[in-house]
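Novice: One file is attached below, work.pdb, containing PDB, N, CA, C and O atoms.
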ATOM      1  N   MET A   5      85.426  48.344 235.254
ATOM      2  CA  MET A   5      86.765  47.935 235.593
ATOM      3  C   MET A   5      86.998  46.509 235.128
ATOM      4  O   MET A   5      86.136  45.661 235.264
ATOM      5  N   SER A   6      88.187  46.313 234.680
ATOM      6  CA  SER A   6      88.520  44.966 234.217
ATOM      7  C   SER A   6      88.942  44.097 235.403
ATOM      8  O   SER A   6      89.231  44.590 236.496
ATOM      9  N   ASN A   7      88.962  42.833 235.155
ATOM     10  CA  ASN A   7      89.339  41.874 236.187
ATOM     11  C   ASN A   7      90.780  42.122 236.648
ATOM     12  O   ASN A   7      91.102  41.980 237.833
ATOM     13  N   LYS A   8      91.638  42.529 235.723
ATOM     14  CA  LYS A   8      93.047  42.791 236.033
ATOM     15  C   LYS A   8      93.163  43.989 236.982
ATOM     16  O   LYS A   8      93.958  43.973 237.931
ATOM     17  N   GLU A   9      92.373  45.020 236.753
ATOM     18  CA  GLU A   9      92.405  46.213 237.608
ATOM     19  C   GLU A   9      91.881  45.879 239.013
ATOM     20  O   GLU A   9      92.422  46.369 240.008
ATOM     21  N   ILE A  10      90.851  45.071 239.064
ATOM     22  CA  ILE A  10      90.302  44.676 240.364
ATOM     23  C   ILE A  10      91.331  43.876 241.157
ATOM     24  O   ILE A  10      91.517  44.108 242.360
ATOM     25  N   LEU A  11      92.015  42.966 240.500
ATOM     26  CA  LEU A  11      93.052  42.183 241.177
ATOM     27  C   LEU A  11      94.192  43.079 241.670
ATOM     28  O   LEU A  11      94.729  42.875 242.763
ATOM     29  N   ALA A  12      94.553  44.073 240.868
ATOM     30  CA  ALA A  12      95.612  45.002 241.259
ATOM     31  C   ALA A  12      95.184  45.813 242.482
ATOM     32  O   ALA A  12      95.971  46.032 243.417
ATOM     33  N   LEU A  13      93.923  46.255 242.501
ATOM     34  CA  LEU A  13      93.416  47.005 243.652
ATOM     35  C   LEU A  13      93.355  46.131 244.907
ATOM     36  O   LEU A  13      93.696  46.584 246.004
ATOM     37  N   GLU A  14      92.932  44.887 244.748
ATOM     38  CA  GLU A  14      92.891  43.976 245.887
ATOM     39  C   GLU A  14      94.289  43.730 246.445
ATOM     40  O   GLU A  14      94.485  43.670 247.668
ATOM     41  N   GLU A  15      95.250  43.619 245.552
ATOM     42  CA  GLU A  15      96.629  43.423 245.992
ATOM     43  C   GLU A  15      97.137  44.647 246.754
ATOM     44  O   GLU A  15      97.798  44.521 247.784
ATOM     45  N   ARG A  16      96.802  45.830 246.272
ATOM     46  CA  ARG A  16      97.203  47.061 246.960
ATOM     47  C   ARG A  16      96.560  47.138 248.339
ATOM     48  O   ARG A  16      97.194  47.537 249.325
ATOM     49  N   ILE A  17      95.284  46.762 248.423
ATOM     50  CA  ILE A  17      94.582  46.779 249.710
ATOM     51  C   ILE A  17      95.242  45.787 250.670
ATOM     52  O   ILE A  17      95.464  46.101 251.844
ATOM     53  N   ASN A  18      95.560  44.605 250.185
ATOM     54  CA  ASN A  18      96.223  43.615 251.024
ATOM     55  C   ASN A  18      97.583  44.113 251.509
ATOM     56  O   ASN A  18      97.958  43.914 252.671
ATOM     57  N   ASP A  19      98.339  44.765 250.627
ATOM     58  CA  ASP A  19      99.640  45.324 251.005
ATOM     59  C   ASP A  19      99.473  46.394 252.087
ATOM     60  O   ASP A  19     100.233  46.436 253.067
ATOM     61  N   MET A  20      98.478  47.254 251.925
ATOM     62  CA  MET A  20      98.245  48.310 252.913
ATOM     63  C   MET A  20      97.812  47.719 254.253
ATOM     64  O   MET A  20      98.234  48.195 255.311
ATOM     65  N   GLU A  21      96.976  46.686 254.222
ATOM     66  CA  GLU A  21      96.562  46.039 255.469
ATOM     67  C   GLU A  21      97.758  45.400 256.171
ATOM     68  O   GLU A  21      97.879  45.479 257.397
ATOM     69  N   CYS A  22      98.646  44.809 255.407
ATOM     70  CA  CYS A  22      99.846  44.194 255.970
ATOM     71  C   CYS A  22     100.748  45.266 256.591
ATOM     72  O   CYS A  22     101.242  45.097 257.716
ATOM     73  N   LYS A  23     100.959  46.361 255.881
ATOM     74  CA  LYS A  23     101.782  47.452 256.401
ATOM     75  C   LYS A  23     101.169  48.036 257.662
ATOM     76  O   LYS A  23     101.872  48.358 258.625
ATOM     77  N   MET A  24      99.855  48.181 257.672
ATOM     78  CA  MET A  24      99.177  48.737 258.836
ATOM     79  C   MET A  24      99.333  47.807 260.042
ATOM     80  O   MET A  24      99.550  48.266 261.170
ATOM     81  N   ALA A  25      99.283  46.507 259.817
ATOM     82  CA  ALA A  25      99.464  45.554 260.912
ATOM     83  C   ALA A  25     100.874  45.671 261.483
ATOM     84  O   ALA A  25     101.057  45.667 262.714
ATOM     85  N   PHE A  26     101.880  45.795 260.628
ATOM     86  CA  PHE A  26     103.257  45.968 261.098
ATOM     87  C   PHE A  26     103.420  47.289 261.846
ATOM     88  O   PHE A  26     104.118  47.359 262.856
ATOM     89  N   GLN A  27     102.763  48.346 261.363
ATOM     90  CA  GLN A  27     102.840  49.633 262.035
ATOM     91  C   GLN A  27     102.201  49.566 263.423
ATOM     92  O   GLN A  27     102.730  50.124 264.385
ATOM     93  N   GLU A  28     101.075  48.886 263.532
ATOM     94  CA  GLU A  28     100.426  48.732 264.832
ATOM     95  C   GLU A  28     101.331  47.965 265.795
ATOM     96  O   GLU A  28     101.445  48.329 266.970
ATOM     97  N   GLN A  29     101.989  46.934 265.302
ATOM     98  CA  GLN A  29     102.914  46.161 266.138
ATOM     99  C   GLN A  29     104.079  47.045 266.588
ATOM    100  O   GLN A  29     104.469  47.019 267.760
ATOM    101  N   THR A  30     104.607  47.833 265.661
ATOM    102  CA  THR A  30     105.725  48.719 265.992
ATOM    103  C   THR A  30     105.298  49.751 267.023
ATOM    104  O   THR A  30     106.042  50.037 267.977
ATOM    105  N   ILE A  31     104.118  50.315 266.867
ATOM    106  CA  ILE A  31     103.610  51.300 267.832
ATOM    107  C   ILE A  31     103.468  50.658 269.207
ATOM    108  O   ILE A  31     103.837  51.262 270.231
ATOM    109  N   ASP A  32     102.954  49.448 269.268
ATOM    110  CA  ASP A  32     102.817  48.755 270.550
ATOM    111  C   ASP A  32     104.183  48.508 271.196
ATOM    112  O   ASP A  32     104.350  48.701 272.404
ATOM    113  N   GLU A  33     105.153  48.102 270.391
ATOM    114  CA  GLU A  33     106.500  47.863 270.921
ATOM    115  C   GLU A  33     107.132  49.158 271.421
ATOM    116  O   GLU A  33     107.779  49.180 272.474
ATOM    117  N   LEU A  34     106.956  50.245 270.663
ATOM    118  CA  LEU A  34     107.492  51.536 271.093
ATOM    119  C   LEU A  34     106.813  52.018 272.374
ATOM    120  O   LEU A  34     107.459  52.582 273.260
ATOM    121  N   ASN A  35     105.515  51.792 272.470
ATOM    122  CA  ASN A  35     104.786  52.172 273.672
ATOM    123  C   ASN A  35     105.293  51.400 274.883
ATOM    124  O   ASN A  35     105.485  51.972 275.960
ATOM    125  N   ASP A  36     105.539  50.101 274.712
ATOM    126  CA  ASP A  36     106.078  49.296 275.805
ATOM    127  C   ASP A  36     107.462  49.792 276.225
ATOM    128  O   ASP A  36     107.761  49.894 277.421
ATOM    129  N   ALA A  37     108.305  50.104 275.243
ATOM    130  CA  ALA A  37     109.646  50.602 275.544
ATOM    131  C   ALA A  37     109.570  51.945 276.273
ATOM    132  O   ALA A  37     110.306  52.183 277.242
ATOM    133  N   LEU A  38     108.685  52.805 275.831
ATOM    134  CA  LEU A  38     108.524  54.116 276.465
ATOM    135  C   LEU A  38     108.031  53.969 277.897
ATOM    136  O   LEU A  38     108.506  54.663 278.805
ATOM    137  N   THR A  39     107.117  53.044 278.118
ATOM    138  CA  THR A  39     106.605  52.798 279.464
ATOM    139  C   THR A  39     107.723  52.313 280.380
ATOM    140  O   THR A  39     107.858  52.791 281.521
ATOM    141  N   GLN A  40     108.548  51.388 279.890
ATOM    142  CA  GLN A  40     109.667  50.887 280.689
ATOM    143  C   GLN A  40     110.670  52.002 280.998
ATOM    144  O   GLN A  40     111.181  52.098 282.114
ATOM    145  N   GLN A  41     110.939  52.844 280.019
ATOM    146  CA  GLN A  41     111.875  53.953 280.237
ATOM    147  C   GLN A  41     111.320  54.930 281.266
ATOM    148  O   GLN A  41     112.064  55.443 282.106
ATOM    149  N   GLN A  42     110.028  55.200 281.217
ATOM    150  CA  GLN A  42     109.428  56.131 282.164
ATOM    151  C   GLN A  42     109.503  55.567 283.581
ATOM    152  O   GLN A  42     109.779  56.303 284.533
ATOM    153  N   LEU A  43     109.279  54.264 283.725
ATOM    154  CA  LEU A  43     109.410  53.637 285.044
ATOM    155  C   LEU A  43     110.846  53.748 285.554
ATOM    156  O   LEU A  43     111.082  54.044 286.734
ATOM    157  N   LEU A  44     111.805  53.521 284.668
ATOM    158  CA  LEU A  44     113.207  53.630 285.045
ATOM    159  C   LEU A  44     113.570  55.062 285.435
ATOM    160  O   LEU A  44     114.259  55.291 286.436
ATOM    161  N   ILE A  45     113.088  56.026 284.686
ATOM    162  CA  ILE A  45     113.355  57.440 285.000
ATOM    163  C   ILE A  45     112.761  57.800 286.355
ATOM    164  O   ILE A  45     113.403  58.477 287.168
ATOM    165  N   SER A  46     111.552  57.346 286.627
ATOM    166  CA  SER A  46     110.919  57.623 287.921
ATOM    167  C   SER A  46     111.732  57.018 289.062
ATOM    168  O   SER A  46     111.940  57.656 290.102
ATOM    169  N   LYS A  47     112.202  55.801 288.869
ATOM    170  CA  LYS A  47     113.011  55.138 289.891
ATOM    171  C   LYS A  47     114.312  55.909 290.115
ATOM    172  O   LYS A  47     114.728  56.122 291.252
ATOM    173  N   MET A  48     114.936  56.340 289.024
ATOM    174  CA  MET A  48     116.190  57.085 289.133
ATOM    175  C   MET A  48     115.967  58.439 289.810
ATOM    176  O   MET A  48     116.826  58.901 290.580
ATOM    177  N   GLN A  49     114.837  59.079 289.547
ATOM    178  CA  GLN A  49     114.527  60.353 290.205
ATOM    179  C   GLN A  49     114.385  60.153 291.708
ATOM    180  O   GLN A  49     114.883  60.964 292.499
ATOM    181  N   ASP A  50     113.718  59.082 292.110
ATOM    182  CA  ASP A  50     113.577  58.786 293.532
ATOM    183  C   ASP A  50     114.940  58.539 294.172
ATOM    184  O   ASP A  50     115.215  59.020 295.278
ATOM    185  N   GLN A  51     115.799  57.810 293.466
ATOM    186  CA  GLN A  51     117.143  57.546 293.982
ATOM    187  C   GLN A  51     117.946  58.838 294.105
ATOM    188  O   GLN A  51     118.674  59.036 295.089
ATOM    189  N   MET A  52     117.812  59.717 293.116
ATOM    190  CA  MET A  52     118.544  60.994 293.168
ATOM    191  C   MET A  52     118.049  61.852 294.332
ATOM    192  O   MET A  52     118.852  62.495 295.017
ATOM    193  N   LYS A  53     116.747  61.875 294.581
ATOM    194  CA  LYS A  53     116.210  62.627 295.721
ATOM    195  C   LYS A  53     116.794  62.095 297.020
ATOM    196  O   LYS A  53     117.152  62.866 297.911
ATOM    197  N   TYR A  54     116.904  60.775 297.121
ATOM    198  CA  TYR A  54     117.466  60.164 298.315
ATOM    199  C   TYR A  54     118.928  60.577 298.489
ATOM    200  O   TYR A  54     119.349  60.964 299.588
ATOM    201  N   VAL A  55     119.702  60.502 297.412
ATOM    202  CA  VAL A  55     121.126  60.849 297.480
ATOM    203  C   VAL A  55     121.302  62.328 297.813
ATOM    204  O   VAL A  55     122.137  62.695 298.652
ATOM    205  N   VAL A  56     120.522  63.182 297.182
ATOM    206  CA  VAL A  56     120.619  64.621 297.459
ATOM    207  C   VAL A  56     120.288  64.894 298.922
ATOM    208  O   VAL A  56     120.958  65.691 299.590
ATOM    209  N   GLY A  57     119.257  64.226 299.433
ATOM    210  CA  GLY A  57     118.912  64.388 300.843
ATOM    211  C   GLY A  57     120.040  63.948 301.756
ATOM    212  O   GLY A  57     120.342  64.605 302.758
ATOM    213  N   LYS A  58     120.694  62.822 301.414
ATOM    214  CA  LYS A  58     121.819  62.343 302.208
ATOM    215  C   LYS A  58     122.981  63.334 302.180
ATOM    216  O   LYS A  58     123.612  63.594 303.190
ATOM    217  N   VAL A  59     123.266  63.873 301.000
ATOM    218  CA  VAL A  59     124.385  64.816 300.863
ATOM    219  C   VAL A  59     124.081  66.107 301.624
ATOM    220  O   VAL A  59     124.953  66.660 302.300
ATOM    221  N   LYS A  60     122.849  66.575 301.563
ATOM    222  CA  LYS A  60     122.490  67.811 302.279
ATOM    223  C   LYS A  60     122.602  67.633 303.787
ATOM    224  O   LYS A  60     122.944  68.562 304.503
ATOM    225  N   ASN A  61     122.307  66.448 304.280
ATOM    226  CA  ASN A  61     122.352  66.195 305.715
ATOM    227  C   ASN A  61     123.717  65.713 306.195
ATOM    228  O   ASN A  61     123.898  65.450 307.376
ATOM    229  N   MET A  62     124.663  65.624 305.282
ATOM    230  CA  MET A  62     125.978  65.126 305.625
ATOM    231  C   MET A  62     126.714  66.125 306.527
ATOM    232  O   MET A  62     126.622  67.338 306.336
ATOM    233  N   ASP A  63     127.427  65.615 307.483
ATOM    234  CA  ASP A  63     128.202  66.447 308.409
ATOM    235  C   ASP A  63     129.447  66.947 307.691
ATOM    236  O   ASP A  63     130.280  66.152 307.248
ATOM    237  N   THR A  64     129.579  68.256 307.579
ATOM    238  CA  THR A  64     130.722  68.830 306.850
ATOM    239  C   THR A  64     131.969  68.917 307.708
ATOM    240  O   THR A  64     133.028  69.282 307.216
ATOM    241  N   SER A  65     131.872  68.593 308.982
ATOM    242  CA  SER A  65     133.059  68.689 309.838
ATOM    243  C   SER A  65     134.124  67.668 309.451
ATOM    244  O   SER A  65     135.298  67.859 309.752
ATOM    245  N   ASN A  66     133.738  66.603 308.792
ATOM    246  CA  ASN A  66     134.709  65.591 308.360
ATOM    247  C   ASN A  66     135.445  65.999 307.094
ATOM    248  O   ASN A  66     136.432  65.375 306.736
ATOM    249  N   LEU A  67     134.957  67.023 306.428
ATOM    250  CA  LEU A  67     135.579  67.455 305.182
ATOM    251  C   LEU A  67     136.698  68.445 305.471
ATOM    252  O   LEU A  67     136.615  69.255 306.399
ATOM    253  N   ALA A  68     137.718  68.413 304.679
ATOM    254  CA  ALA A  68     138.859  69.312 304.856
ATOM    255  C   ALA A  68     138.502  70.706 304.356
ATOM    256  O   ALA A  68     137.776  70.876 303.384
ATOM    257  N   ASP A  69     139.031  71.696 305.030
ATOM    258  CA  ASP A  69     138.854  73.088 304.620
ATOM    259  C   ASP A  69     139.921  73.401 303.565
ATOM    260  O   ASP A  69     141.121  73.265 303.831
ATOM    261  N   PRO A  70     139.512  73.798 302.365
ATOM    262  CA  PRO A  70     140.494  74.052 301.295
ATOM    263  C   PRO A  70     141.550  75.089 301.668
ATOM    264  O   PRO A  70     142.679  75.022 301.208
ATOM    265  N   SER A  71     141.210  76.065 302.532
ATOM    266  CA  SER A  71     142.195  77.087 302.899
ATOM    267  C   SER A  71     143.287  76.509 303.803
ATOM    268  O   SER A  71     144.384  77.058 303.894
ATOM    269  N   GLU A  72     143.002  75.406 304.489
ATOM    270  CA  GLU A  72     143.980  74.783 305.378
ATOM    271  C   GLU A  72     144.827  73.729 304.672
ATOM    272  O   GLU A  72     145.792  73.227 305.236
ATOM    273  N   GLU A  73     144.467  73.386 303.471
ATOM    274  CA  GLU A  73     145.186  72.359 302.725
ATOM    275  C   GLU A  73     146.501  72.903 302.185
ATOM    276  O   GLU A  73     146.571  74.023 301.699
ATOM    277  N   THR A  74     147.530  72.118 302.257
ATOM    278  CA  THR A  74     148.798  72.505 301.632
ATOM    279  C   THR A  74     148.714  72.148 300.153
ATOM    280  O   THR A  74     148.073  71.174 299.769
ATOM    281  N   PRO A  75     149.367  72.920 299.294
ATOM    282  CA  PRO A  75     149.297  72.631 297.865
ATOM    283  C   PRO A  75     150.018  71.312 297.549
ATOM    284  O   PRO A  75     150.936  70.913 298.272
ATOM    285  N   PRO A  76     149.599  70.664 296.524
ATOM    286  CA  PRO A  76     150.258  69.400 296.133
ATOM    287  C   PRO A  76     151.724  69.645 295.781
ATOM    288  O   PRO A  76     152.124  70.762 295.470
ATOM    289  N   PRO A  77     152.552  68.606 295.822
ATOM    290  CA  PRO A  77     154.003  68.762 295.604
ATOM    291  C   PRO A  77     154.373  69.307 294.222
ATOM    292  O   PRO A  77     155.441  69.865 294.068
ATOM    293  N   HIS A  78     153.525  69.168 293.239
ATOM    294  CA  HIS A  78     153.926  69.629 291.902
ATOM    295  C   HIS A  78     153.771  71.138 291.721
ATOM    296  O   HIS A  78     154.063  71.666 290.664
ATOM    297  N   TYR A  79     153.345  71.878 292.762
ATOM    298  CA  TYR A  79     153.231  73.340 292.640
ATOM    299  C   TYR A  79     154.517  74.002 292.974
ATOM    300  O   TYR A  79     155.210  73.925 293.828
TER     301      TYR A  79
END
Taking this structure as input, can you express it in the form of C-alpha coordinates?
Specialist:
Amino acid sequence: MSNKEILALEERINDMECKMAFQEQTIDELNDALTQQQLLISKMQDQMKYVVGKVKNMDTSNLADPSEETPPPHY
(Lines of atoms letter the chains of each structure in order from A and count residues from 1; the text may use other names and numbers.)
(Lines give C-alpha, C1' and ligand atoms only; values in the text may rest on other atoms or scores of the structure.)
Protein backbone atom coordinates (compact mmCIF):
# COMPACT_ATOMS: atom_id res chain seq x y z
CA MET A 1 0.00 0.00 0.00
CA SER A 2 1.16 3.44 -0.77
CA ASN A 3 1.44 6.21 1.75
CA LYS A 4 -1.51 7.99 0.09
CA GLU A 5 -3.77 4.94 0.52
CA ILE A 6 -2.77 4.57 4.16
CA LEU A 7 -3.59 8.22 4.83
CA ALA A 8 -6.96 7.81 3.10
CA LEU A 9 -7.74 4.75 5.24
CA GLU A 10 -6.72 6.57 8.42
CA GLU A 11 -8.97 9.46 7.48
CA ARG A 12 -11.89 7.07 6.90
CA ILE A 13 -11.25 5.43 10.28
CA ASN A 14 -11.17 8.83 11.98
CA ASP A 15 -14.44 9.81 10.26
CA MET A 16 -16.10 6.57 11.38
CA GLU A 17 -14.88 7.04 14.96
CA CYS A 18 -16.27 10.58 14.95
CA LYS A 19 -19.64 9.40 13.59
CA MET A 20 -19.76 6.61 16.15
CA ALA A 21 -19.12 9.09 18.97
CA PHE A 22 -22.00 11.29 17.75
CA GLN A 23 -24.24 8.23 17.46
CA GLU A 24 -23.42 7.18 21.03
CA GLN A 25 -24.25 10.70 22.24
CA THR A 26 -27.53 10.65 20.32
CA ILE A 27 -28.44 7.24 21.75
CA ASP A 28 -27.73 8.50 25.28
CA GLU A 29 -29.88 11.59 24.70
CA LEU A 30 -32.73 9.49 23.28
CA ASN A 31 -32.48 7.11 26.22
CA ASP A 32 -32.71 10.03 28.65
CA ALA A 33 -35.74 11.42 26.81
CA LEU A 34 -37.42 8.01 26.79
CA THR A 35 -36.79 7.60 30.51
CA GLN A 36 -38.34 11.00 31.24
CA GLN A 37 -41.36 10.19 29.08
CA GLN A 38 -41.86 6.86 30.83
CA LEU A 39 -41.78 8.59 34.23
CA LEU A 40 -44.34 11.11 32.99
CA ILE A 41 -46.58 8.36 31.60
CA SER A 42 -46.42 6.48 34.91
CA LYS A 43 -47.34 9.64 36.81
CA MET A 44 -50.24 10.32 34.44
CA GLN A 45 -51.48 6.73 34.81
CA ASP A 46 -51.51 7.13 38.59
CA GLN A 47 -53.42 10.40 38.24
CA MET A 48 -55.95 8.78 35.89
CA LYS A 49 -56.51 5.90 38.34
CA TYR A 50 -57.17 8.46 41.06
CA VAL A 51 -59.64 10.41 38.89
CA VAL A 52 -61.43 7.26 37.75
CA GLY A 53 -61.74 6.15 41.37
CA LYS A 54 -63.18 9.55 42.32
CA VAL A 55 -65.68 9.46 39.45
CA LYS A 56 -66.78 5.90 40.30
CA ASN A 57 -67.38 6.87 43.93
CA MET A 58 -69.17 10.07 43.02
CA ASP A 59 -72.74 10.44 44.30
CA THR A 60 -75.06 10.39 41.29
CA SER A 61 -77.96 11.92 43.21
CA ASN A 62 -76.61 15.39 42.42
CA LEU A 63 -76.76 14.71 38.70
CA ALA A 64 -79.88 15.51 36.70
CA ASP A 65 -81.91 12.69 35.21
CA PRO A 66 -82.00 13.20 31.41
CA SER A 67 -85.63 11.99 31.24
CA GLU A 68 -86.69 14.79 33.62
CA GLU A 69 -84.87 17.51 31.72
CA THR A 70 -86.88 19.84 29.52
CA PRO A 71 -85.51 20.24 26.00
CA PRO A 72 -83.50 23.37 25.26
CA PRO A 73 -85.42 26.35 23.78
CA HIS A 74 -84.12 25.81 20.25
CA TYR A 75 -86.11 22.55 19.86
Novice: Expressed in Å to a single decimal, how great is the separation between atom C of Lys60 of chain A and atom CA of Leu44 of chain A?
Specialist: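 Between atom C of Lys60 of chain A and atom CA of Leu44 of chain A the gap works out to 25.2 Å.
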Novice: Running DSSP on the backbone, which parts of chain A land in alpha helix (DSSP H), as a VMD selection string?
Specialist: chain A and resid 7 to 60
Novice: Which value, in Å to one decimal, gives the distance between atom N of Gln51 of chain A and atom O of Thr39 of chain A?
Specialist: 15.2 Å
Novice: What separation in Å, quoted to one decimal, exists between atom C of Met48 of chain A and atom C of Asp63 of chain A?
Specialist: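 We find that atom C of Met48 of chain A and atom C of Asp63 of chain A lie 24.0 Å from each other.
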